[in-house]
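**Student:** Okay, here's the structure, questions in a sec.
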Amino acid sequence: MGRHGDQARRALLDAAEELFATEGIDSVSNRRICVHAGNANHSAVSYHFGGREAMLRELVERHTQRTRSLRAEMMAALPAEPLIADLLRCLIQPVTQTLDGLPLPTWRARFVLQARDVPALATLVAEVAKADSVVDEMVTAIAHQMSWLPGDVIRGRIWILARMVVDVCAEYEAAIAAGKTDPQWAAFGGFLTDAAAGMLSAPVTEPSSFSPASPGVLL
């Protein structure tokens with residue numbers, strides 16, 4: 001595909017990401033995406049991607065490609081005996097660094113939130129997430145360092161961690177877009193890492209039988 005085709009694909013992806021982030025995935029038609037991208041061909045999504053599902057997969061994957069690269073670099077720099085905070089830094093800060101590297105305004109975190117919570121996309125998001133073996137390695141290492149806690153508590157807190165990172169990044173991104181705060185993704189990533197470390201390491205004061213239905217997905 002030539003340069004013009006690459007530019008058209010990128011424009012469609014950017015338009016779809018913005019519309020999906022602000023209006024919801026099921027509420028936006030392919031035609032609206034084409035119009036928003038400035039493409040006169042209202043079948044451009046099918047032409048460039050082969051269909052809506054393939055376009056959605058590419059939207060998810062273009063986010064994870066960057067976070068995977070950053071995670072691999074940070075994992076390689078870990079100390080021989082990493083603390084929970086060190087491991088969490090490898091999980092969380094690639095996400096905030098990726099968002100920090102995007103031109104303003106950004107829609108990425110809010111799109112990821114929408115993608116995670118649309119039932120029809122659950123399988124796609126899970127497939128893309130599973131392709132990142134570094135995440136599984138980090139989660140396993142974190143769980144090992146929490147071995148003094150009951151298994152259900154470990155699973156429950158990791159479930160909260162996955163949801164927390166996506167939710168708060170989306171909310172922070174929305175606040176930046178609304179002009180309510182200046183973007184400080186690096187500081188935000190450090191704050192979120194410390195908060196997550198505190199949550200995972202907290203003592204159990206009220207034992208219960210709660211167990212999450214799903215471990216959650218971190219992209």
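Note on naming: chains are A, B, ... as they come in the structure tokens, residues start from 1 per chain, ligands start from 1 in the order shown.
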Please report, as CSV, each residue of segment 61-134 of chain A lying at most 8 Å from segment 180-201 of chain A, together with the nearest pair of atoms and the separation in Å rounded to one decimal; use only C-alpha atoms, and order rows by chain and ascending residue number.
**Tutor:**
residue,atom,partner,partner_atom,distance
A:Ile84,CA,A:Ala197,CA,6.4
A:Ala85,CA,A:Ala197,CA,5.6
A:Leu88,CA,A:Thr193,CA,6.1
A:Arg89,CA,A:Thr193,CA,6.0
A:Ile92,CA,A:Thr193,CA,6.5
A:Gln93,CA,A:Gly189,CA,5.3
A:Thr96,CA,A:Gly189,CA,5.6
A:Gln97,CA,A:Ala186,CA,6.8
A:Leu99,CA,A:Trp185,CA,7.4
A:Asp100,CA,A:Trp185,CA,5.6
**Student:** Leaving out Ser43 of chain A and any residue of its chain fewer than 4 positions from it, which residues lie within 12 Å of it when counting only C-alpha atoms, given as a PyMOL selection string?
**Tutor:** chain A and resi 12+29-35+39+47-52
**Student:** Tell me which of A:Ala126, A:Ala44, A:Phe210, A:Leu78 sits closest to Gly151 of chain A, counting only C-alpha atoms.
**Tutor:**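 With only C-alpha atoms as the atom set, the closest residue is A:Phe210.
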**Student:** Do you have the atom CA of Val135 of chain A-atom CA of Arg10 of chain A distance handy?
**Tutor:**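 Computed distance, atom CA of Val135 of chain A to atom CA of Arg10 of chain A, equals 27.2 Å.
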**Student:** Determine the nearest neighbour of Val139 of chain A from the options A:Val166, A:Leu59, A:Leu161, A:Leu124, counting only C-alpha atoms.
**Tutor:**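 The shortest atom-to-atom distance to Val139 of chain A comes from A:Leu161.
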**Student:** Would you kindly return, as a list of chain:residue names, each protein, DNA or RNA residue with an atom no farther than 7 Å from any atom of Pro105 of chain A, considering only C-alpha atoms and excluding same-chain residues fewer than 2 positions away?
**Tutor:** A:Pro103, A:Trp107, A:Ala177
**Student:** May I have the residues from that selection written out with all heavy atoms, as a tab-separated table (two decimals), in the first residue's frame?
**Tutor:**
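Generated output (result-v6.tsv):
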chain	number	residue	atom	x	y	z
A	103	PRO	N	0.08	12.82	20.44
A	103	PRO	CA	-0.26	14.24	20.29
A	103	PRO	C	-1.59	14.57	20.95
A	103	PRO	O	-2.52	13.75	20.96
A	103	PRO	CB	-0.34	14.42	18.76
A	103	PRO	CG	-0.62	13.04	18.23
A	103	PRO	CD	0.07	12.09	19.16
A	107	TRP	N	-7.18	10.27	22.84
A	107	TRP	CA	-8.43	9.53	23.04
A	107	TRP	C	-8.16	8.08	23.43
A	107	TRP	O	-9.09	7.33	23.71
A	107	TRP	CB	-9.25	9.53	21.74
A	107	TRP	CG	-9.23	10.83	21.01
A	107	TRP	CD1	-8.43	11.17	19.95
A	107	TRP	CD2	-10.01	12.00	21.29
A	107	TRP	NE1	-8.66	12.45	19.55
A	107	TRP	CE2	-9.64	13.00	20.35
A	107	TRP	CE3	-11.00	12.30	22.22
A	107	TRP	CZ2	-10.21	14.26	20.32
A	107	TRP	CZ3	-11.57	13.56	22.20
A	107	TRP	CH2	-11.18	14.52	21.26
A	177	ALA	N	-8.35	16.53	28.40
A	177	ALA	CA	-9.05	16.97	27.20
A	177	ALA	C	-10.03	18.11	27.50
A	177	ALA	O	-10.24	19.00	26.67
A	177	ALA	CB	-9.79	15.80	26.57
**Student:** Any idea what the distance is between atom CA of Gln7 of chain A and atom CA of Ala178 of chain A?
**Tutor:**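 According to the coordinates, atom CA of Gln7 of chain A and atom CA of Ala178 of chain A are separated by 27.7 Å.
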**Student:** Can you pull out the residues contacting Asp167 of chain A? Cut-off 10 Å, using only C-alpha atoms, and skip same-chain residues under 2 positions away; I want them as a PDB file with N, CA, C and O atoms, in the first residue's frame.
**Tutor:**
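File part22.pdb, as written:
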ATOM      1  N   ALA A 109      -6.814   6.234  25.953  1.00  0.00           N
ATOM      2  CA  ALA A 109      -7.210   5.577  27.204  1.00  0.00           C
ATOM      3  C   ALA A 109      -8.721   5.367  27.257  1.00  0.00           C
ATOM      4  O   ALA A 109      -9.204   4.329  27.726  1.00  0.00           O
ATOM      5  N   ARG A 110      -9.464   6.351  26.760  1.00  0.00           N
ATOM      6  CA  ARG A 110     -10.924   6.213  26.770  1.00  0.00           C
ATOM      7  C   ARG A 110     -11.397   5.179  25.759  1.00  0.00           C
ATOM      8  O   ARG A 110     -12.382   4.474  25.997  1.00  0.00           O
ATOM      9  N   VAL A 112      -9.613   2.437  25.001  1.00  0.00           N
ATOM     10  CA  VAL A 112      -9.299   1.158  25.644  1.00  0.00           C
ATOM     11  C   VAL A 112     -10.370   0.807  26.676  1.00  0.00           C
ATOM     12  O   VAL A 112     -10.789  -0.349  26.795  1.00  0.00           O
ATOM     13  N   LEU A 113     -10.831   1.813  27.425  1.00  0.00           N
ATOM     14  CA  LEU A 113     -11.899   1.585  28.401  1.00  0.00           C
ATOM     15  C   LEU A 113     -13.167   1.094  27.703  1.00  0.00           C
ATOM     16  O   LEU A 113     -13.812   0.141  28.154  1.00  0.00           O
ATOM     17  N   GLN A 114     -13.533   1.746  26.609  1.00  0.00           N
ATOM     18  CA  GLN A 114     -14.721   1.331  25.860  1.00  0.00           C
ATOM     19  C   GLN A 114     -14.555  -0.086  25.329  1.00  0.00           C
ATOM     20  O   GLN A 114     -15.476  -0.911  25.407  1.00  0.00           O
ATOM     21  N   LEU A 161      -6.520  -4.174  40.220  1.00  0.00           N
ATOM     22  CA  LEU A 161      -5.396  -3.489  39.584  1.00  0.00           C
ATOM     23  C   LEU A 161      -5.654  -3.278  38.090  1.00  0.00           C
ATOM     24  O   LEU A 161      -5.480  -2.166  37.570  1.00  0.00           O
ATOM     25  N   ALA A 162      -6.065  -4.333  37.396  1.00  0.00           N
ATOM     26  CA  ALA A 162      -6.295  -4.240  35.955  1.00  0.00           C
ATOM     27  C   ALA A 162      -7.371  -3.215  35.631  1.00  0.00           C
ATOM     28  O   ALA A 162      -7.224  -2.394  34.722  1.00  0.00           O
ATOM     29  N   ARG A 163      -8.452  -3.241  36.381  1.00  0.00           N
ATOM     30  CA  ARG A 163      -9.541  -2.287  36.142  1.00  0.00           C
ATOM     31  C   ARG A 163      -9.123  -0.873  36.546  1.00  0.00           C
ATOM     32  O   ARG A 163      -9.452   0.098  35.864  1.00  0.00           O
ATOM     33  N   MET A 164      -8.400  -0.746  37.631  1.00  0.00           N
ATOM     34  CA  MET A 164      -8.014   0.563  38.144  1.00  0.00           C
ATOM     35  C   MET A 164      -7.142   1.314  37.139  1.00  0.00           C
ATOM     36  O   MET A 164      -7.371   2.503  36.880  1.00  0.00           O
ATOM     37  N   VAL A 165      -6.162   0.637  36.570  1.00  0.00           N
ATOM     38  CA  VAL A 165      -5.250   1.306  35.648  1.00  0.00           C
ATOM     39  C   VAL A 165      -6.005   1.849  34.438  1.00  0.00           C
ATOM     40  O   VAL A 165      -5.841   3.007  34.043  1.00  0.00           O
ATOM     41  N   CYS A 169      -6.743   6.006  34.091  1.00  0.00           N
ATOM     42  CA  CYS A 169      -6.076   6.635  32.942  1.00  0.00           C
ATOM     43  C   CYS A 169      -7.113   7.279  32.024  1.00  0.00           C
ATOM     44  O   CYS A 169      -6.899   8.390  31.519  1.00  0.00           O
ATOM     45  N   ALA A 170      -8.242   6.603  31.828  1.00  0.00           N
ATOM     46  CA  ALA A 170      -9.302   7.165  30.991  1.00  0.00           C
ATOM     47  C   ALA A 170      -9.866   8.437  31.615  1.00  0.00           C
ATOM     48  O   ALA A 170     -10.115   9.434  30.919  1.00  0.00           O
ATOM     49  N   GLU A 171     -10.073   8.426  32.924  1.00  0.00           N
ATOM     50  CA  GLU A 171     -10.618   9.610  33.595  1.00  0.00           C
ATOM     51  C   GLU A 171      -9.620  10.768  33.570  1.00  0.00           C
ATOM     52  O   GLU A 171     -10.000  11.931  33.365  1.00  0.00           O
ATOM     53  N   TYR A 172      -8.345  10.459  33.765  1.00  0.00           N
ATOM     54  CA  TYR A 172      -7.321  11.504  33.729  1.00  0.00           C
ATOM     55  C   TYR A 172      -7.203  12.093  32.323  1.00  0.00           C
ATOM     56  O   TYR A 172      -7.094  13.306  32.160  1.00  0.00           O
ATOM     57  N   GLU A 173      -7.267  11.228  31.323  1.00  0.00           N
ATOM     58  CA  GLU A 173      -7.220  11.701  29.939  1.00  0.00           C
ATOM     59  C   GLU A 173      -8.398  12.619  29.637  1.00  0.00           C
ATOM     60  O   GLU A 173      -8.243  13.652  28.974  1.00  0.00           O
TER      61      GLU A 173
END
**Student:** For Ser69 of chain A, please output as JSON, numbers by chain all residues within 12 Å (counting only C-alpha atoms; exclusion window: fewer than 3 positions along the same chain).
**Tutor:** {"A": [62, 63, 64, 65, 66, 72, 73, 74, 75, 76, 90, 91, 93, 94, 95, 97, 98, 132, 133, 134, 135]}
**Student:** May I have the residues from that selection written out with N, CA and C atoms, as a compact mmCIF listing (two decimals), in the first residue's frame?
**Tutor:**
# COMPACT_ATOMS: atom_id res chain seq x y z
N ARG A 62 -2.40 -1.40 17.99
CA ARG A 62 -1.44 -0.29 17.86
C ARG A 62 -1.13 0.31 19.24
N HIS A 63 -2.05 0.17 20.18
CA HIS A 63 -1.77 0.60 21.55
C HIS A 63 -0.82 -0.38 22.23
N THR A 64 -1.10 -1.67 22.10
CA THR A 64 -0.31 -2.67 22.82
C THR A 64 1.09 -2.82 22.24
N GLN A 65 1.29 -2.54 20.96
CA GLN A 65 2.62 -2.65 20.38
C GLN A 65 3.61 -1.74 21.12
N ARG A 66 3.19 -0.54 21.42
CA ARG A 66 4.08 0.41 22.10
C ARG A 66 4.29 0.00 23.56
N ALA A 72 9.15 -4.56 27.77
CA ALA A 72 10.32 -5.41 27.57
C ALA A 72 11.59 -4.68 28.00
N GLU A 73 11.69 -3.41 27.66
CA GLU A 73 12.87 -2.62 28.05
C GLU A 73 12.96 -2.49 29.57
N MET A 74 11.82 -2.19 30.21
CA MET A 74 11.83 -2.01 31.66
C MET A 74 12.08 -3.33 32.39
N MET A 75 11.55 -4.41 31.84
CA MET A 75 11.76 -5.72 32.45
C MET A 75 13.24 -6.10 32.40
N ALA A 76 13.90 -5.78 31.30
CA ALA A 76 15.32 -6.10 31.16
C ALA A 76 16.18 -5.33 32.16
N CYS A 90 6.80 -1.79 35.75
CA CYS A 90 6.86 -2.40 34.41
C CYS A 90 5.47 -2.59 33.81
N LEU A 91 4.47 -2.78 34.66
CA LEU A 91 3.10 -2.97 34.17
C LEU A 91 2.42 -1.66 33.85
N GLN A 93 3.64 1.88 34.06
CA GLN A 93 4.24 3.06 33.44
C GLN A 93 4.41 2.97 31.92
N PRO A 94 4.51 1.77 31.32
CA PRO A 94 4.45 1.73 29.85
C PRO A 94 3.13 2.27 29.30
N VAL A 95 2.05 2.09 30.06
CA VAL A 95 0.75 2.62 29.63
C VAL A 95 0.77 4.15 29.68
N GLN A 97 3.37 6.13 29.77
CA GLN A 97 4.37 6.66 28.84
C GLN A 97 3.83 6.66 27.41
N THR A 98 3.09 5.62 27.05
CA THR A 98 2.49 5.56 25.71
C THR A 98 1.50 6.71 25.52
N ASP A 132 0.87 -10.72 24.93
CA ASP A 132 1.95 -10.06 25.66
C ASP A 132 2.35 -10.94 26.85
N SER A 133 3.34 -11.81 26.65
CA SER A 133 3.74 -12.74 27.71
C SER A 133 4.38 -12.01 28.88
N VAL A 134 4.91 -10.81 28.65
CA VAL A 134 5.54 -10.05 29.72
C VAL A 134 4.53 -9.73 30.82
N VAL A 135 3.30 -9.40 30.44
CA VAL A 135 2.26 -9.10 31.44
C VAL A 135 2.03 -10.31 32.33
**Student:** Using DSSP on the backbone coordinates, identify all residues within segment 3-215 of chain A classified as helix (DSSP H, G or I); present the result as a PyMOL selection string.
**Tutor:** chain A and resi 3-23+30-36+44-49+52-76+84-100+108-117+119-130+133-145+151-177+185-201
**Student:** Which one is closest to Gly38 of chain A: A:Leu56, A:Ala16, A:Ala21, A:Val128? Count only C-alpha atoms.
**Tutor:** A:Ala16
**Student:** Would you mind reading off the distance between atom CA of Pro203 of chain A and atom CA of Gln145 of chain A, one decimal, in Å?
**Tutor:**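 So the two atoms, atom CA of Pro203 of chain A and atom CA of Gln145 of chain A, lie 13.7 Å apart.
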**Student:** Using only C-alpha atoms for the distances, tell me which of A:Thr140, A:Arg9, A:Lys130, A:Val45 is nearest to Arg68 of chain A.
**Tutor:**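 Looking at the shortest contact to Arg68 of chain A, the residue is A:Lys130.
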